$ cat data-v8.tsv   # TSV, C-alpha atoms
chain	number	residue	atom	x	y	z
T	1	LEU	CA	18.36	41.96	-24.69
T	2	CYS	CA	20.92	39.90	-22.89
T	3	MET	CA	19.91	36.24	-23.08
T	4	ILE	CA	22.70	34.81	-20.90
T	5	PRO	CA	21.18	31.90	-18.93
T	6	GLU	CA	22.07	33.47	-15.57
T	7	PHE	CA	20.30	36.67	-16.65
T	8	VAL	CA	17.20	34.78	-17.73
T	9	GLU	CA	16.99	32.95	-14.38
T	10	ALA	CA	17.44	36.21	-12.47
T	11	VAL	CA	14.63	37.90	-14.40
T	12	LYS	CA	12.23	34.99	-13.85
T	13	GLY	CA	12.24	35.88	-10.18
T	14	ALA	CA	12.05	39.60	-10.91
T	15	SER	CA	10.22	41.92	-8.62
T	16	GLU	CA	10.09	45.02	-10.75
T	17	MET	CA	7.30	46.09	-13.03
T	18	ILE	CA	7.64	45.74	-16.78
T	19	PHE	CA	5.99	48.15	-19.24
T	20	GLY	CA	5.62	47.37	-22.93
T	21	ASN	CA	3.32	46.93	-25.88
T	22	ILE	CA	1.57	43.73	-26.98
T	23	HIS	CA	2.94	44.24	-30.52
T	24	ASN	CA	6.53	43.96	-29.25
T	25	THR	CA	6.28	40.88	-27.04
T	26	GLY	CA	9.18	39.24	-28.84
T	27	GLU	CA	11.38	41.53	-26.75
T	28	TYR	CA	10.05	39.82	-23.63
T	29	ALA	CA	10.88	36.19	-24.46
T	30	PHE	CA	12.69	35.95	-21.11
T	31	LEU	CA	9.44	36.28	-19.16
T	32	PRO	CA	7.88	33.19	-17.50
T	33	GLU	CA	5.77	30.83	-19.60
T	34	ASN	CA	2.46	31.85	-18.01
T	35	VAL	CA	3.11	35.50	-18.85
T	36	GLN	CA	3.85	34.45	-22.44
T	37	LYS	CA	0.49	32.64	-22.41
T	38	CYS	CA	-1.21	35.94	-21.54
T	39	PHE	CA	0.34	37.61	-24.58
T	40	ALA	CA	-0.60	34.68	-26.83
T	41	TYR	CA	-4.17	34.65	-25.51
T	42	ALA	CA	-4.51	38.39	-26.13
T	43	ARG	CA	-3.26	38.02	-29.71
T	44	GLU	CA	-5.57	35.06	-30.45
T	45	HIS	CA	-8.82	36.37	-28.92
T	46	ASN	CA	-10.93	39.48	-29.32
T	47	LEU	CA	-10.87	40.48	-25.66
T	48	LEU	CA	-13.23	43.41	-26.26
T	49	SER	CA	-15.95	40.88	-27.12
T	50	TYR	CA	-15.76	39.29	-23.65
T	51	GLY	CA	-18.23	40.43	-21.02
T	52	LYS	CA	-17.08	42.18	-17.88
T	53	GLY	CA	-15.99	39.79	-15.15
T	54	SER	CA	-13.59	36.92	-14.57
T	55	HIS	CA	-12.64	34.47	-17.35
T	56	GLU	CA	-10.62	31.31	-16.78
T	57	ILE	CA	-7.77	30.26	-19.03
T	58	GLU	CA	-6.15	27.63	-16.81
T	59	GLY	CA	-8.29	27.62	-13.68
T	60	LYS	CA	-6.88	29.53	-10.73
T	61	GLU	CA	-3.37	29.35	-12.20
T	62	LEU	CA	-4.14	31.77	-15.04
T	63	PHE	CA	-7.26	33.84	-15.65
T	64	PHE	CA	-8.23	37.39	-16.49
T	65	ASN	CA	-10.65	40.01	-15.32
T	66	ARG	CA	-12.30	42.03	-18.10
T	67	THR	CA	-13.21	45.45	-16.78
T	68	GLU	CA	-14.15	48.94	-17.82
T	69	TYR	CA	-14.42	52.18	-15.90
T	70	MET	CA	-14.06	55.94	-16.12
T	71	THR	CA	-10.67	57.22	-15.07
T	72	THR	CA	-10.67	59.88	-12.38
T	73	GLU	CA	-8.49	61.99	-10.09
T	74	PRO	CA	-5.95	60.05	-7.99
T	75	GLU	CA	-7.68	61.18	-4.78
T	76	ALA	CA	-10.64	58.99	-5.75
T	77	ARG	CA	-8.46	55.90	-6.37
T	78	PHE	CA	-6.51	53.52	-4.09
T	79	TRP	CA	-3.16	51.76	-3.88
T	80	GLU	CA	-2.91	47.98	-4.03
T	81	ALA	CA	-0.51	45.07	-4.40
T	82	HIS	CA	-0.86	41.29	-4.47
T	83	ARG	CA	1.02	38.34	-2.97
T	84	GLU	CA	-0.30	35.26	-4.80
T	85	TYR	CA	-0.62	36.62	-8.34
T	86	LEU	CA	1.20	38.98	-10.59
T	87	ASP	CA	-0.94	41.31	-12.71
T	88	VAL	CA	-0.62	41.87	-16.43
T	89	HIS	CA	-2.70	44.99	-17.16
T	90	LEU	CA	-3.53	45.25	-20.88
T	91	ILE	CA	-5.38	48.28	-22.25
T	92	LEU	CA	-7.98	47.45	-24.91
T	93	SER	CA	-9.37	50.96	-25.44
T	94	GLY	CA	-8.98	54.34	-23.81
T	95	THR	CA	-6.05	55.90	-21.98
T	96	GLU	CA	-5.22	55.28	-18.33
T	97	ARG	CA	-2.53	56.53	-16.00
T	98	ILE	CA	-1.20	54.03	-13.50
T	99	ASP	CA	0.80	55.38	-10.58
T	100	VAL	CA	3.47	53.06	-9.20
T	101	ASN	CA	5.78	52.68	-6.25
T	102	PHE	CA	7.46	49.76	-4.53
T	103	THR	CA	5.56	48.31	-1.60
T	104	GLY	CA	8.59	48.92	0.62
T	105	ASN	CA	8.06	52.66	0.11
T	106	LEU	CA	4.37	52.51	1.03
T	107	ALA	CA	2.50	51.82	4.27
T	108	ALA	CA	0.71	48.48	4.08
T	109	GLY	CA	-2.75	47.85	5.45
T	110	ARG	CA	-4.21	44.47	6.39
T	111	TYR	CA	-3.82	41.82	3.67
T	112	VAL	CA	-7.13	40.27	2.49
T	113	GLU	CA	-6.13	36.71	1.59
T	114	GLN	CA	-9.35	35.60	-0.17
T	115	ASP	CA	-9.04	38.58	-2.57
T	116	ASP	CA	-5.22	38.60	-2.74
T	117	PHE	CA	-5.47	42.30	-1.94
T	118	LEU	CA	-2.94	44.34	-0.01
T	119	PRO	CA	-4.11	47.93	0.51
T	120	LEU	CA	-1.35	50.52	0.58
T	121	GLU	CA	-0.96	54.20	1.44
T	122	GLY	CA	1.60	56.71	0.25
T	123	GLU	CA	2.90	58.70	-2.65
T	124	LYS	CA	3.72	57.68	-6.18
T	125	ASN	CA	7.27	57.15	-7.34
T	126	ALA	CA	6.36	57.32	-11.03
T	127	SER	CA	3.40	57.29	-13.42
T	128	LEU	CA	2.85	55.43	-16.65
T	129	VAL	CA	0.30	56.35	-19.30
T	130	LEU	CA	-1.09	53.29	-21.04
T	131	ARG	CA	-2.88	53.36	-24.37
T	132	PRO	CA	-4.46	50.53	-26.40
T	133	GLY	CA	-2.02	47.64	-26.71
T	134	ASP	CA	0.16	48.77	-23.81
T	135	PHE	CA	0.69	46.47	-20.86
T	136	LEU	CA	2.11	46.75	-17.37
T	137	ILE	CA	3.27	43.72	-15.40
T	138	CYS	CA	3.14	44.21	-11.64
T	139	TYR	CA	4.93	41.79	-9.34
T	140	PRO	CA	4.11	41.46	-5.60
T	141	SER	CA	6.52	44.25	-4.62
T	142	ASP	CA	4.95	46.65	-7.13
T	143	GLY	CA	2.32	48.86	-5.58
T	144	HIS	CA	-0.01	50.30	-8.19
T	145	MET	CA	-2.88	52.76	-8.40
T	146	THR	CA	-4.99	52.18	-11.50
T	147	GLY	CA	-7.83	54.19	-13.00
T	148	VAL	CA	-6.14	57.57	-12.83
T	149	GLN	CA	-7.05	59.99	-15.58
T	150	ALA	CA	-4.36	61.04	-18.02
T	151	GLY	CA	-5.54	64.62	-18.57
T	152	LYS	CA	-9.29	64.18	-18.59
T	153	PRO	CA	-11.67	61.40	-17.47
T	154	GLU	CA	-11.96	58.66	-20.08
T	155	LEU	CA	-13.66	55.29	-20.43
T	156	VAL	CA	-11.04	52.54	-20.26
T	157	LYS	CA	-11.64	48.96	-21.30
T	158	LYS	CA	-8.95	46.54	-20.23
T	159	VAL	CA	-8.07	43.11	-19.01
T	160	ILE	CA	-5.98	42.20	-16.02
T	161	PHE	CA	-4.43	38.79	-16.43
T	162	LYS	CA	-3.83	37.13	-13.06
T	163	VAL	CA	-0.80	34.81	-13.10
T	164	LYS	CA	-0.30	32.53	-10.07
T	165	ILE	CA	3.25	32.73	-8.73
$ encode --input "data-v8.tsv" --output "structure tokens"
Amino acid sequence: LCMIPEFVEAVKGASEMIFGNIHNTGEYAFLPENVQKCFAYAREHNLLSYGKGSHEIEGKELFFNRTEYMTTEPEARFWEAHREYLDVHLILSGTERIDVNFTGNLAAGRYVEQDDFLPLEGEKNASLVLRPGDFLICYPSDGHMTGVQAGKPELVKKVIFKVKI
């Protein structure tokens, strides 16, 4: 990776999703401190032992939602994006497909401020298949449709770190 200071500053304000694996986070040293805290927290805690729901790390600045669900056909799922937080999706068990597209390519619905939820409509640009240890970072311009089956329906257990931006 290029670690030229100008490059590092440009990436800190990035607006493109980043896909990787928790075992290779050294490759992502350029990411903001709060994203690094997500990786550290995941390495230091057994996230599968946490109950479903929201768990604070640093109040509203950094927390995660522990969730689990059966993946399904994309027709049964929905598009979303966020304005106040970036998402760090981390798969704990199971396999999930996440469809992605930039919000500029999708039709936006009415933003729900209290939930930081922007509903979107449209077609995918690409799909990523995430397995245990894989993560996907979605910035505000990254529309994403989670919970899509990768072949067949499967129970997925994951956390979504919410990083205030």
$ residues_around --input "data-v8.tsv" --residues "Arg110 of chain T" --least-positions-apart "4" --cutoff "12 Å" --atoms "only C-alpha atoms" --output "list of chain:residue names"
T:Glu80, T:Ala81, T:His82, T:Asp115, T:Asp116, T:Phe117, T:Leu118, T:Pro119, T:Leu120, T:Glu121
$ residues_around --input "data-v8.tsv" --residues "Glu16 of chain T" --least-positions-apart "5" --cutoff "12 Å" --atoms "only C-alpha atoms" --output "list in words"
Ala10, Val11, Leu86, Asp87, Val100, Asn101, Phe102, Thr103, Leu136, Ile137, Cys138, Tyr139, Pro140, Ser141, Asp142, Gly143 and His144 of chain T
$ closest_atom_pairs --input "data-v8.tsv" --of "segment 63-128 of chain T" --to "segment 38-44 of chain T" --cutoff "9 Å" --atoms "only C-alpha atoms" --output "CSV"
residue,atom,partner,partner_atom,distance
T:Phe63,CA,T:Cys38,CA,8.7
T:Phe64,CA,T:Cys38,CA,8.8
T:Val88,CA,T:Cys38,CA,7.9
T:Leu90,CA,T:Ala42,CA,8.7
$ atom_distance --input "data-v8.tsv" --atom1 "atom CA of Leu62 of chain T" --atom2 "atom CA of Asn34 of chain T"
7.2 Å
$ residues_around --input "data-v8.tsv" --residues "Leu128 of chain T" --least-positions-apart "6" --cutoff "8 Å" --atoms "all atoms listed in the file" --output "PyMOL selection string"
chain T and resi 97-100
$ atom_distance --input "data-v8.tsv" --atom1 "atom CA of Glu75 of chain T" --atom2 "atom CA of Asn125 of chain T"
15.7 Å
$ closest_residue --input "data-v8.tsv" --among "T:Gln149, T:Gln114, T:Ser49, T:Thr25" --to "Arg83 of chain T" --atoms "only C-alpha atoms"
T:Gln114
$ closest_residue --input "data-v8.tsv" --among "T:Tyr85, T:Phe78, T:Tyr28, T:Tyr69" --to "Pro153 of chain T" --atoms "only C-alpha atoms"
T:Tyr69
$ residues_around --input "data-v8.tsv" --residues "segment 70-73 of chain T" --least-positions-apart "3" --cutoff "6 Å" --atoms "only C-alpha atoms" --output "list in words"
Ala76, Gly147, Val148, Gln149, Pro153, Glu154 and Leu155 of chain T
$ atom_distance --input "data-v8.tsv" --atom1 "atom CA of Ala150 of chain T" --atom2 "atom CA of His55 of chain T"
27.8 Å
$ closest_residue --input "data-v8.tsv" --among "T:Ile22, T:Leu106, T:Val35, T:Val163" --to "Leu130 of chain T" --atoms "only C-alpha atoms"
T:Ile22
$ closest_residue --input "data-v8.tsv" --among "T:Leu47, T:Ile165, T:Ala126, T:Ile160" --to "Glu84 of chain T" --atoms "all atoms listed in the file"
T:Ile165
$ closest_residue --input "data-v8.tsv" --among "T:His89, T:Lys52, T:Asn46, T:Ile57" --to "Phe161 of chain T" --atoms "all atoms listed in the file"
T:His89
$ closest_residue --input "data-v8.tsv" --among "T:Pro132, T:Gly151, T:Gly26, T:Gly51" --to "Leu92 of chain T" --atoms "all atoms listed in the file"
T:Pro132
$ axis_aligned_box --input "data-v8.tsv" --around "segment 50-63 of chain T" --padding-each-side "5 Å" --output "lines of an AutoDock Vina configuration file"
center_x = -10.8
center_y = 34.9
center_z = -17.2
size_x = 24.9
size_y = 24.6
size_z = 22.9
$ residues_around --input "data-v8.tsv" --residues "Leu48 of chain T" --least-positions-apart "6" --cutoff "10 Å" --atoms "all atoms listed in the file" --output "ChimeraX atom specification"
/T:66-67,92-93,157-159
